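Structure file input_26.cif; described as mmCIF, C-alpha atoms.
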```cif
data_query
loop_
_atom_site.group_PDB
_atom_site.id
_atom_site.type_symbol
_atom_site.label_atom_id
_atom_site.label_comp_id
_atom_site.auth_asym_id
_atom_site.auth_seq_id
_atom_site.Cartn_x
_atom_site.Cartn_y
_atom_site.Cartn_z
ATOM 1 C CA MET Q 1 -27.603 25.683 -38.970
ATOM 2 C CA SER Q 2 -31.096 24.467 -38.151
ATOM 3 C CA GLU Q 3 -31.866 22.313 -35.102
ATOM 4 C CA VAL Q 4 -32.570 19.275 -37.319
ATOM 5 C CA SER Q 5 -29.232 19.638 -39.135
ATOM 6 C CA ARG Q 6 -27.361 19.949 -35.862
ATOM 7 C CA GLU Q 7 -29.009 16.811 -34.510
ATOM 8 C CA SER Q 8 -28.134 14.802 -37.622
ATOM 9 C CA THR Q 9 -24.430 15.671 -37.315
ATOM 10 C CA LYS Q 10 -24.101 14.301 -33.779
ATOM 11 C CA THR Q 11 -21.935 11.236 -33.471
ATOM 12 C CA VAL Q 12 -23.514 8.105 -32.064
ATOM 13 C CA LYS Q 13 -21.645 7.001 -28.974
ATOM 14 C CA LEU Q 14 -21.795 3.227 -28.940
ATOM 15 C CA ALA Q 15 -20.738 2.971 -25.292
ATOM 16 C CA GLU Q 16 -23.512 5.338 -24.260
ATOM 17 C CA ARG Q 17 -26.019 3.383 -26.296
ATOM 18 C CA ARG Q 18 -24.872 0.160 -24.654
ATOM 19 C CA VAL Q 19 -24.994 1.514 -21.112
ATOM 20 C CA PHE Q 20 -28.408 3.103 -21.517
ATOM 21 C CA SER Q 21 -30.112 0.113 -23.144
ATOM 22 C CA GLN Q 22 -30.931 -3.515 -22.402
ATOM 23 C CA SER Q 23 -27.544 -4.579 -23.779
ATOM 24 C CA PHE Q 24 -26.076 -3.231 -20.518
ATOM 25 C CA ARG Q 25 -27.340 -6.248 -18.568
ATOM 26 C CA PRO Q 26 -24.602 -8.698 -19.747
ATOM 27 C CA LEU Q 27 -21.850 -6.225 -18.787
ATOM 28 C CA TYR Q 28 -23.504 -5.626 -15.418
ATOM 29 C CA ASN Q 29 -23.875 -9.363 -14.825
ATOM 30 C CA GLU Q 30 -20.251 -9.986 -15.810
ATOM 31 C CA GLY Q 31 -18.993 -7.315 -13.432
ATOM 32 C CA MET Q 32 -21.112 -8.353 -10.482
ATOM 33 C CA GLY Q 33 -20.365 -12.011 -11.164
ATOM 34 C CA LEU Q 34 -16.640 -11.278 -11.079
ATOM 35 C CA VAL Q 35 -17.044 -9.432 -7.761
ATOM 36 C CA GLU Q 36 -18.889 -12.423 -6.303
ATOM 37 C CA HIS Q 37 -16.401 -14.944 -7.711
ATOM 38 C CA ALA Q 38 -13.439 -12.986 -6.329
ATOM 39 C CA ALA Q 39 -15.028 -12.729 -2.888
ATOM 40 C CA GLU Q 40 -15.688 -16.477 -2.807
ATOM 41 C CA TYR Q 41 -12.163 -17.249 -3.950
ATOM 42 C CA LEU Q 42 -10.434 -14.878 -1.525
ATOM 43 C CA ASP Q 43 -12.479 -16.144 1.432
ATOM 44 C CA GLY Q 44 -12.053 -19.805 0.558
ATOM 45 C CA LYS Q 45 -9.596 -21.427 -1.783
ATOM 46 C CA GLY Q 46 -7.448 -18.292 -2.044
ATOM 47 C CA ARG Q 47 -6.964 -18.087 1.698
ATOM 48 C CA ALA Q 48 -5.785 -21.705 1.796
ATOM 49 C CA GLU Q 49 -3.463 -21.217 -1.202
ATOM 50 C CA ALA Q 50 -1.993 -18.031 0.296
ATOM 51 C CA LYS Q 51 -0.890 -19.922 3.400
ATOM 52 C CA LYS Q 52 1.378 -22.093 1.246
ATOM 53 C CA LEU Q 53 3.248 -19.144 -0.305
ATOM 54 C CA SER Q 54 6.737 -17.933 0.558
ATOM 55 C CA ARG Q 55 6.930 -14.771 2.655
ATOM 56 C CA LEU Q 56 7.683 -12.636 -0.427
ATOM 57 C CA ALA Q 57 4.853 -14.138 -2.482
ATOM 58 C CA ALA Q 58 2.460 -13.924 0.493
ATOM 59 C CA THR Q 59 3.243 -10.225 0.830
ATOM 60 C CA LEU Q 60 2.640 -9.690 -2.876
ATOM 61 C CA TYR Q 61 -0.568 -11.733 -2.633
ATOM 62 C CA ALA Q 62 -1.818 -9.580 0.251
ATOM 63 C CA ALA Q 63 -1.038 -6.324 -1.546
ATOM 64 C CA GLU Q 64 -2.464 -7.522 -4.841
ATOM 65 C CA SER Q 65 -5.640 -8.884 -3.245
ATOM 66 C CA MET Q 66 -6.246 -5.425 -1.725
ATOM 67 C CA ARG Q 67 -5.774 -3.885 -5.168
ATOM 68 C CA LEU Q 68 -8.079 -6.497 -6.678
ATOM 69 C CA THR Q 69 -10.875 -5.855 -4.192
ATOM 70 C CA THR Q 70 -10.490 -2.088 -4.551
ATOM 71 C CA ARG Q 71 -10.587 -2.366 -8.349
ATOM 72 C CA LEU Q 72 -13.673 -4.580 -8.265
ATOM 73 C CA MET Q 73 -15.526 -2.341 -5.801
ATOM 74 C CA GLN Q 74 -14.855 0.670 -8.006
ATOM 75 C CA ILE Q 75 -16.104 -1.217 -11.074
ATOM 76 C CA ALA Q 76 -19.193 -2.359 -9.144
ATOM 77 C CA SER Q 77 -19.890 1.230 -8.067
ATOM 78 C CA TRP Q 78 -19.674 2.411 -11.672
ATOM 79 C CA LEU Q 79 -21.946 -0.402 -12.857
ATOM 80 C CA LEU Q 80 -24.513 0.329 -10.133
ATOM 81 C CA LEU Q 81 -24.575 3.994 -11.094
ATOM 82 C CA GLN Q 82 -25.121 3.126 -14.747
ATOM 83 C CA ARG Q 83 -27.889 0.691 -13.786
ATOM 84 C CA ALA Q 84 -29.571 3.433 -11.731
ATOM 85 C CA ALA Q 85 -29.463 5.763 -14.734
ATOM 86 C CA ASN Q 86 -30.636 3.007 -17.072
ATOM 87 C CA SER Q 87 -33.657 2.254 -14.861
ATOM 88 C CA GLY Q 88 -34.528 5.935 -14.389
ATOM 89 C CA GLU Q 89 -33.649 6.033 -10.672
ATOM 90 C CA MET Q 90 -31.038 8.718 -11.356
ATOM 91 C CA THR Q 91 -30.588 11.259 -14.114
ATOM 92 C CA ARG Q 92 -27.480 11.178 -16.270
ATOM 93 C CA ASP Q 93 -26.355 14.407 -14.602
ATOM 94 C CA GLN Q 94 -26.730 12.844 -11.153
ATOM 95 C CA VAL Q 95 -24.739 9.824 -12.292
ATOM 96 C CA ALA Q 96 -22.038 12.038 -13.784
ATOM 97 C CA SER Q 97 -21.777 13.898 -10.483
ATOM 98 C CA GLU Q 98 -21.659 10.736 -8.340
ATOM 99 C CA LYS Q 99 -19.325 8.841 -10.623
ATOM 100 C CA SER Q 100 -16.648 11.458 -10.067
ATOM 101 C CA LYS Q 101 -16.034 9.620 -6.776
ATOM 102 C CA VAL Q 102 -15.342 6.366 -8.630
ATOM 103 C CA ARG Q 103 -11.740 5.624 -9.578
ATOM 104 C CA LEU Q 104 -11.146 3.407 -12.576
ATOM 105 C CA ASP Q 105 -7.367 3.482 -12.422
ATOM 106 C CA THR Q 106 -6.398 0.889 -9.816
ATOM 107 C CA VAL Q 107 -3.044 -0.491 -10.928
ATOM 108 C CA SER Q 108 -1.659 -3.955 -10.430
ATOM 109 C CA ALA Q 109 1.737 -5.440 -9.761
ATOM 110 C CA HIS Q 110 3.439 -6.686 -12.898
ATOM 111 C CA GLU Q 111 4.333 -10.171 -14.000
ATOM 112 C CA ASP Q 112 7.986 -9.280 -13.472
ATOM 113 C CA ALA Q 113 7.379 -8.381 -9.803
ATOM 114 C CA ALA Q 114 9.288 -10.521 -7.315
ATOM 115 C CA GLY Q 115 7.074 -13.399 -6.207
ATOM 116 C CA TRP Q 116 4.540 -13.035 -9.048
ATOM 117 C CA ASN Q 117 5.379 -16.443 -10.534
ATOM 118 C CA GLU Q 118 4.542 -18.076 -7.180
ATOM 119 C CA LEU Q 119 1.004 -16.648 -7.020
ATOM 120 C CA PRO Q 120 -1.850 -19.149 -7.504
ATOM 121 C CA GLU Q 121 -3.090 -19.483 -11.086
ATOM 122 C CA ASP Q 122 -6.709 -18.838 -10.097
ATOM 123 C CA PHE Q 123 -5.684 -15.636 -8.351
ATOM 124 C CA ILE Q 124 -3.696 -14.391 -11.352
ATOM 125 C CA ASP Q 125 -6.697 -15.180 -13.558
ATOM 126 C CA LEU Q 126 -8.940 -13.045 -11.326
ATOM 127 C CA VAL Q 127 -6.462 -10.166 -11.433
ATOM 128 C CA LYS Q 128 -6.218 -10.318 -15.230
ATOM 129 C CA ARG Q 129 -9.988 -10.560 -15.674
ATOM 130 C CA SER Q 130 -10.503 -7.588 -13.354
ATOM 131 C CA LEU Q 131 -7.956 -5.532 -15.291
ATOM 132 C CA ARG Q 132 -9.647 -6.348 -18.606
ATOM 133 C CA LEU Q 133 -13.052 -5.401 -17.192
ATOM 134 C CA GLN Q 134 -11.648 -2.197 -15.673
ATOM 135 C CA SER Q 135 -10.143 -1.296 -19.038
ATOM 136 C CA LEU Q 136 -13.487 -1.840 -20.807
ATOM 137 C CA VAL Q 137 -15.442 0.129 -18.213
ATOM 138 C CA ARG Q 138 -12.859 2.893 -18.301
ATOM 139 C CA ARG Q 139 -13.082 3.207 -22.104
ATOM 140 C CA MET Q 140 -16.870 3.314 -21.900
ATOM 141 C CA ASP Q 141 -16.711 5.932 -19.145
ATOM 142 C CA GLU Q 142 -14.358 8.097 -21.192
ATOM 143 C CA GLU Q 143 -16.604 7.848 -24.249
ATOM 144 C CA ILE Q 144 -19.789 8.623 -22.333
ATOM 145 C CA TYR Q 145 -18.610 11.208 -19.829
ATOM 146 C CA GLY Q 146 -15.279 12.373 -21.221
ATOM 147 C CA SER Q 147 -13.343 11.442 -18.089
ATOM 148 C CA GLY Q 148 -10.124 13.236 -17.391
ATOM 149 C CA ILE Q 149 -8.313 9.997 -16.556
ATOM 150 C CA ALA Q 150 -4.962 9.584 -18.290
ATOM 151 C CA THR Q 151 -5.227 7.880 -21.654
ATOM 152 C CA LEU Q 152 -2.527 5.279 -21.038
ATOM 153 C CA PRO Q 153 -4.203 1.919 -20.334
ATOM 154 C CA VAL Q 154 -3.799 0.630 -16.794
ATOM 155 C CA GLU Q 155 -2.142 -2.555 -18.064
ATOM 156 C CA GLY Q 156 0.500 -0.516 -19.896
ATOM 157 C CA ARG Q 157 1.583 1.610 -16.975
ATOM 158 C CA ARG Q 158 4.861 0.865 -15.325
ATOM 159 C CA GLY Q 159 5.163 1.894 -11.729
ATOM 160 C CA ASN Q 160 8.353 2.822 -10.015
ATOM 161 C CA PRO Q 161 9.956 -0.500 -8.954
ATOM 162 C CA VAL Q 162 11.359 1.046 -5.792
ATOM 163 C CA SER Q 163 7.984 2.490 -4.872
ATOM 164 C CA ASP Q 164 6.346 -0.882 -5.577
ATOM 165 C CA GLN Q 165 8.781 -2.593 -3.213
ATOM 166 C CA ILE Q 166 8.269 0.038 -0.517
ATOM 167 C CA SER Q 167 4.509 -0.474 -0.817
ATOM 168 C CA LEU Q 168 4.996 -4.212 -0.422
ATOM 169 C CA LEU Q 169 7.185 -3.673 2.646
ATOM 170 C CA ASN Q 170 4.673 -1.266 4.166
ATOM 171 C CA THR Q 171 1.935 -3.816 3.591
ATOM 172 C CA ALA Q 172 4.027 -6.616 5.092
ATOM 173 C CA PHE Q 173 4.844 -4.636 8.209
ATOM 174 C CA ALA Q 174 1.474 -2.835 8.451
ATOM 175 C CA ARG Q 175 2.955 0.655 8.380
ATOM 176 C CA GLY Q 176 1.152 2.009 5.392
#
```
When written as structure tokens, how does the structure in this file appear?
Amino acid sequence: MSEVSRESTKTVKLAERRVFSQSFRPLYNEGMGLVEHAAEYLDGKGRAEAKKLSRLAATLYAAESMRLTTRLMQIASWLLLQRAANSGEMTRDQVASEKSKVRLDTVSAHEDAAGWNELPEDFIDLVKRSLRLQSLVRRMDEEIYGSGIATLPVEGRRGNPVSDQISLLNTAFARG
């Protein structure tokens, strides 16, 4: 098969096209805006709302806010790497190497977790928005780089309820 024929049979990866073009800017802005919004909320209104929660809900809030910030920092890292590649500051190979340190699989407590229904609405909205963005970024990452991350969406995973409770207890008593 000639070189021209081989090139014409390649599949166009829409995610790759999006990341390495000007249409990446809205995704980047959305991600960084969500990081900023979450930081403002957690340092301000969220802190005040958390003080009003029951002990169980406050423990869940603390654990989930750590997951939220971890998830958002991982998304921000991925977005910054893609921006560096898009602007020519890094090669795609460099990005692929560095992005192996980025985890796009931060899970969340579930709506059926004890205390979830007591969490502030704004906080739950941030968690859900971060999960949707993580899912989008993860799909794009898998299409572009062929990540080896499990194919089950983060939202669909069910953790071990006992393990979830132990994690909450460890968080509450600062042992973990």
Please write as a compact mmCIF listing (two decimals) with C-alpha atoms, keeping the file's coordinate frame the full residue list that the PyMOL selection byres ((chain Q and resi 95) around 10) yields on this file.
```txt
# COMPACT_ATOMS: atom_id res chain seq x y z
CA TRP Q 78 -19.67 2.41 -11.67
CA LEU Q 80 -24.51 0.33 -10.13
CA LEU Q 81 -24.58 3.99 -11.09
CA GLN Q 82 -25.12 3.13 -14.75
CA ARG Q 83 -27.89 0.69 -13.79
CA ALA Q 84 -29.57 3.43 -11.73
CA ALA Q 85 -29.46 5.76 -14.73
CA GLU Q 89 -33.65 6.03 -10.67
CA MET Q 90 -31.04 8.72 -11.36
CA THR Q 91 -30.59 11.26 -14.11
CA ARG Q 92 -27.48 11.18 -16.27
CA ASP Q 93 -26.36 14.41 -14.60
CA GLN Q 94 -26.73 12.84 -11.15
CA ALA Q 96 -22.04 12.04 -13.78
CA SER Q 97 -21.78 13.90 -10.48
CA GLU Q 98 -21.66 10.74 -8.34
CA LYS Q 99 -19.32 8.84 -10.62
CA SER Q 100 -16.65 11.46 -10.07
CA TYR Q 145 -18.61 11.21 -19.83
```
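Among Q:Leu104, Q:Leu53, Q:Leu42, Q:Ala63, the residue with the shortest atom-to-atom distance to Q:Arg139, counting all atoms listed in the file, is Q:Leu104.
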Problem set entry | Contacts of Q:Thr69 within 12 Å, only C-alpha atoms, excl. fewer than 2 positions in-chain, as an NGL selection string | :Q and (34-43 or 61-67 or 71-76 or 106-108 or 123 or 126-127 or 130-131)
For this session: Determine the nearest neighbour of Q:Gly31 from the options Q:Val137, Q:Ser87, Q:Lys128, Q:Gly115, counting all atoms listed in the file.
Result: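 Closest to Q:Gly31, using all atoms listed in the file: Q:Val137.
What separates atom CA of Q:Ala48 from atom CA of Q:Glu121 is a distance of 13.3 Å.
Using only C-alpha atoms for every distance, the candidate list Q:Leu68, Q:Asp105, Q:Arg25, Q:Ile144 yields Q:Leu68 as the residue closest to Q:Ile124.
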For this session: Quick one: pull the distance between atom CA of Q:Phe24 and atom CA of Q:Asp125, Å, one decimal.
Result: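 Answer for the atom CA of Q:Phe24 to atom CA of Q:Asp125 separation: 23.8 Å.
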